[in-house]
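Working notes, structure below.
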Amino acid sequence: MTRSLSAEGSGAVIETSKIVYGAWLFAWVFVAFLSTALIALDGTEPDTVFIAVPIIGILFSATGILRPKRIQLNREALAYRPVWGPRLVLRRTDIASFDVFVLHYSGSGFLICKMRPEVLKGGGRYNLGFDMLPDELVKALRRWLGRTP
């Protein structure tokens with residue numbers, strides 16, 4: 001994620017770099033070529049998953065280059081725009097906290113926005129997508145929320 005302005009300020013924008021999506025695109029194209037070569041060498045009928053996963057990865061990465069994931073902060077709300085799907089606007093007063101579901105020890109994982117129990121039944125949450133360094137992003141979002149990390 002790259003930041004423009006400070007996360008504490010009004011109108012701050014935090015978005016995933018297009019370079020990250022370009023690297024993912026390169027990796028998925030490599031996987032697709034490798035898969036195709038293995039299928040050709042084996043000479044058997046490929047499984048649907050074996051073909052579909054790289055294609056979905058390529059489409060997601062290409063879309064990310066054109067429309068990167070973005071979190072926009074202002075005084076009243078957080079606006080989240082994923083690579084695919086509709087925009088989500090969450091009022092600052094409805095947010096309980098931010099957290100991370102860690103996938104890898106090096107610091108990659110999913111950013112989670114936990115909502116207050118009175119807003120979503122049982123204090124539901126929103127997954128705000130995969131990030132390479134979510135801990136730094138969580139610190140900035142907690143400062144924006146008015147809670148020190």
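Following the order of the structure tokens, first chain is A, next is B, and so on, with residues numbered from 1 inside each chain and ligands from 1 in the order they appear.
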
Which parts of stretch 36-108 of chain A does DSSP call alpha helix (DSSP H) when run on the backbone here, written out as a ChimeraX atom specification? /A:36-42,48-66

Extract, using only C-alpha atoms, all DNA, RNA and protein residues at most 12 Å from A:Ala27, discarding same-chain residues fewer than 2 positions from it, and format them as a PyMOL selection string. chain A and resi 20-25+29-34+54-55+57-58+61-62

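With distances taken over only C-alpha atoms, A:Ile14 is the one residue among A:Arg81, A:Pro68, A:Ile14, A:Arg91 lying closest to A:Val138.
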
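All residues within stretch 33-87 of chain A that the backbone DSSP calculation assigns to strand (DSSP E) are Arg70, Ile71, Gln72, Leu73, Ala77, Leu78, Ala79, Tyr80 and Arg81 of chain A.
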
Using C-alpha atoms, can you export the residues from the last selection as a PDB file, in the first residue's frame?
```pdb
ATOM      1  CA  ARG A  70      -8.042   2.195  -2.507  1.00  0.00           C
ATOM      2  CA  ILE A  71      -8.947   3.320   0.997  1.00  0.00           C
ATOM      3  CA  GLN A  72      -9.925   6.968   1.291  1.00  0.00           C
ATOM      4  CA  LEU A  73     -10.213   8.569   4.717  1.00  0.00           C
ATOM      5  CA  ALA A  77     -16.012   8.047   6.949  1.00  0.00           C
ATOM      6  CA  LEU A  78     -13.756   5.490   5.348  1.00  0.00           C
ATOM      7  CA  ALA A  79     -14.436   4.707   1.687  1.00  0.00           C
ATOM      8  CA  TYR A  80     -13.089   1.376   0.470  1.00  0.00           C
ATOM      9  CA  ARG A  81     -12.890   0.583  -3.238  1.00  0.00           C
TER      10      ARG A  81
END
```

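You can rank A:Ser35, A:Leu137, A:Gly64, A:Ile95 by their closest distance to A:Ile19 using only C-alpha atoms, and at the top of that list sits A:Gly64.
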
Nearest-residue call for A:Gly146, choices A:Thr63, A:Thr16, A:Ser108, A:Thr93, using only C-alpha atoms: A:Thr93

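In this comparison, which uses only C-alpha atoms, the residue of A:Val13, A:Val83, A:Ala140, A:Val119 approaching A:Leu59 most closely is A:Val83.
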
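You will find atom CA of A:Asn127 at 8.8 Å from atom CA of A:Lys114.
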
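Residue nearest A:Ile112, chosen from A:Asp94, A:Thr36, A:Leu141, A:Pro86 and counting only C-alpha atoms: A:Leu141.
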
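Put simply, atom CA of A:Asp99 is 11.7 Å away from atom CA of A:Gly129.
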
Write out as a PyMOL selection string the residues lying within 8 Å of A:Met115, counting only C-alpha atoms and excluding same-chain residues fewer than 4 positions away. chain A and resi 94-97+119-120+123-126

Kindly save the residues from that selection, with all heavy atoms included, as an mmCIF file, in the first residue's frame.
```cif
data_model
loop_
_atom_site.group_PDB
_atom_site.id
_atom_site.type_symbol
_atom_site.label_atom_id
_atom_site.label_comp_id
_atom_site.auth_asym_id
_atom_site.auth_seq_id
_atom_site.Cartn_x
_atom_site.Cartn_y
_atom_site.Cartn_z
ATOM 1 N N ASP A 94 -19.130 4.064 13.395
ATOM 2 C CA ASP A 94 -19.601 2.688 13.368
ATOM 3 C C ASP A 94 -18.472 1.662 13.474
ATOM 4 O O ASP A 94 -18.717 0.478 13.675
ATOM 5 C CB ASP A 94 -20.388 2.409 12.089
ATOM 6 C CG ASP A 94 -21.674 3.222 12.008
ATOM 7 O OD1 ASP A 94 -22.122 3.719 13.059
ATOM 8 O OD2 ASP A 94 -22.224 3.353 10.901
ATOM 9 N N ILE A 95 -17.234 2.125 13.332
ATOM 10 C CA ILE A 95 -16.083 1.224 13.330
ATOM 11 C C ILE A 95 -15.583 1.029 14.757
ATOM 12 O O ILE A 95 -15.335 1.991 15.481
ATOM 13 C CB ILE A 95 -14.957 1.785 12.449
ATOM 14 C CG1 ILE A 95 -15.442 1.923 11.005
ATOM 15 C CG2 ILE A 95 -13.715 0.903 12.524
ATOM 16 C CD1 ILE A 95 -14.477 2.663 10.095
ATOM 17 N N ALA A 96 -15.425 -0.238 15.156
ATOM 18 C CA ALA A 96 -14.903 -0.547 16.491
ATOM 19 C C ALA A 96 -13.376 -0.587 16.480
ATOM 20 O O ALA A 96 -12.724 0.013 17.335
ATOM 21 C CB ALA A 96 -15.451 -1.881 16.987
ATOM 22 N N SER A 97 -12.786 -1.293 15.500
ATOM 23 C CA SER A 97 -11.324 -1.402 15.449
ATOM 24 C C SER A 97 -10.882 -1.967 14.104
ATOM 25 O O SER A 97 -11.691 -2.408 13.292
ATOM 26 C CB SER A 97 -10.813 -2.305 16.572
ATOM 27 O OG SER A 97 -11.269 -3.631 16.383
ATOM 28 N N VAL A 119 -24.169 -1.879 15.156
ATOM 29 C CA VAL A 119 -24.233 -1.584 13.721
ATOM 30 C C VAL A 119 -24.453 -2.865 12.925
ATOM 31 O O VAL A 119 -25.349 -2.938 12.090
ATOM 32 C CB VAL A 119 -22.941 -0.874 13.250
ATOM 33 C CG1 VAL A 119 -22.965 -0.643 11.759
ATOM 34 C CG2 VAL A 119 -22.765 0.433 14.000
ATOM 35 N N LEU A 120 -23.620 -3.864 13.168
ATOM 36 C CA LEU A 120 -23.769 -5.168 12.532
ATOM 37 C C LEU A 120 -24.016 -6.189 13.631
ATOM 38 O O LEU A 120 -23.338 -6.180 14.647
ATOM 39 C CB LEU A 120 -22.506 -5.558 11.763
ATOM 40 C CG LEU A 120 -22.242 -4.847 10.447
ATOM 41 C CD1 LEU A 120 -20.911 -5.284 9.861
ATOM 42 C CD2 LEU A 120 -23.343 -5.119 9.449
ATOM 43 N N GLY A 123 -21.439 -7.620 16.148
ATOM 44 C CA GLY A 123 -20.161 -6.944 15.894
ATOM 45 C C GLY A 123 -19.450 -7.528 14.692
ATOM 46 O O GLY A 123 -18.300 -7.931 14.776
ATOM 47 N N GLY A 124 -20.124 -7.581 13.571
ATOM 48 C CA GLY A 124 -19.571 -8.150 12.335
ATOM 49 C C GLY A 124 -18.323 -7.429 11.874
ATOM 50 O O GLY A 124 -17.844 -6.480 12.499
ATOM 51 N N ARG A 125 -17.798 -7.908 10.769
ATOM 52 C CA ARG A 125 -16.568 -7.305 10.247
ATOM 53 C C ARG A 125 -16.564 -7.327 8.731
ATOM 54 O O ARG A 125 -17.300 -8.074 8.095
ATOM 55 C CB ARG A 125 -15.357 -8.038 10.791
ATOM 56 C CG ARG A 125 -15.299 -9.483 10.389
ATOM 57 C CD ARG A 125 -14.207 -10.182 11.137
ATOM 58 N NE ARG A 125 -13.823 -11.376 10.405
ATOM 59 C CZ ARG A 125 -12.900 -12.192 10.788
ATOM 60 N NH1 ARG A 125 -12.249 -11.959 11.904
ATOM 61 N NH2 ARG A 125 -12.586 -13.234 10.074
ATOM 62 N N TYR A 126 -15.706 -6.476 8.172
ATOM 63 C CA TYR A 126 -15.502 -6.407 6.736
ATOM 64 C C TYR A 126 -14.052 -6.754 6.448
ATOM 65 O O TYR A 126 -13.146 -6.253 7.110
ATOM 66 C CB TYR A 126 -15.794 -5.007 6.191
ATOM 67 C CG TYR A 126 -17.248 -4.635 6.214
ATOM 68 C CD1 TYR A 126 -17.759 -3.782 7.183
ATOM 69 C CD2 TYR A 126 -18.121 -5.138 5.252
ATOM 70 C CE1 TYR A 126 -19.094 -3.436 7.204
ATOM 71 C CE2 TYR A 126 -19.461 -4.791 5.267
ATOM 72 C CZ TYR A 126 -19.936 -3.949 6.234
ATOM 73 O OH TYR A 126 -21.260 -3.610 6.249
#
```
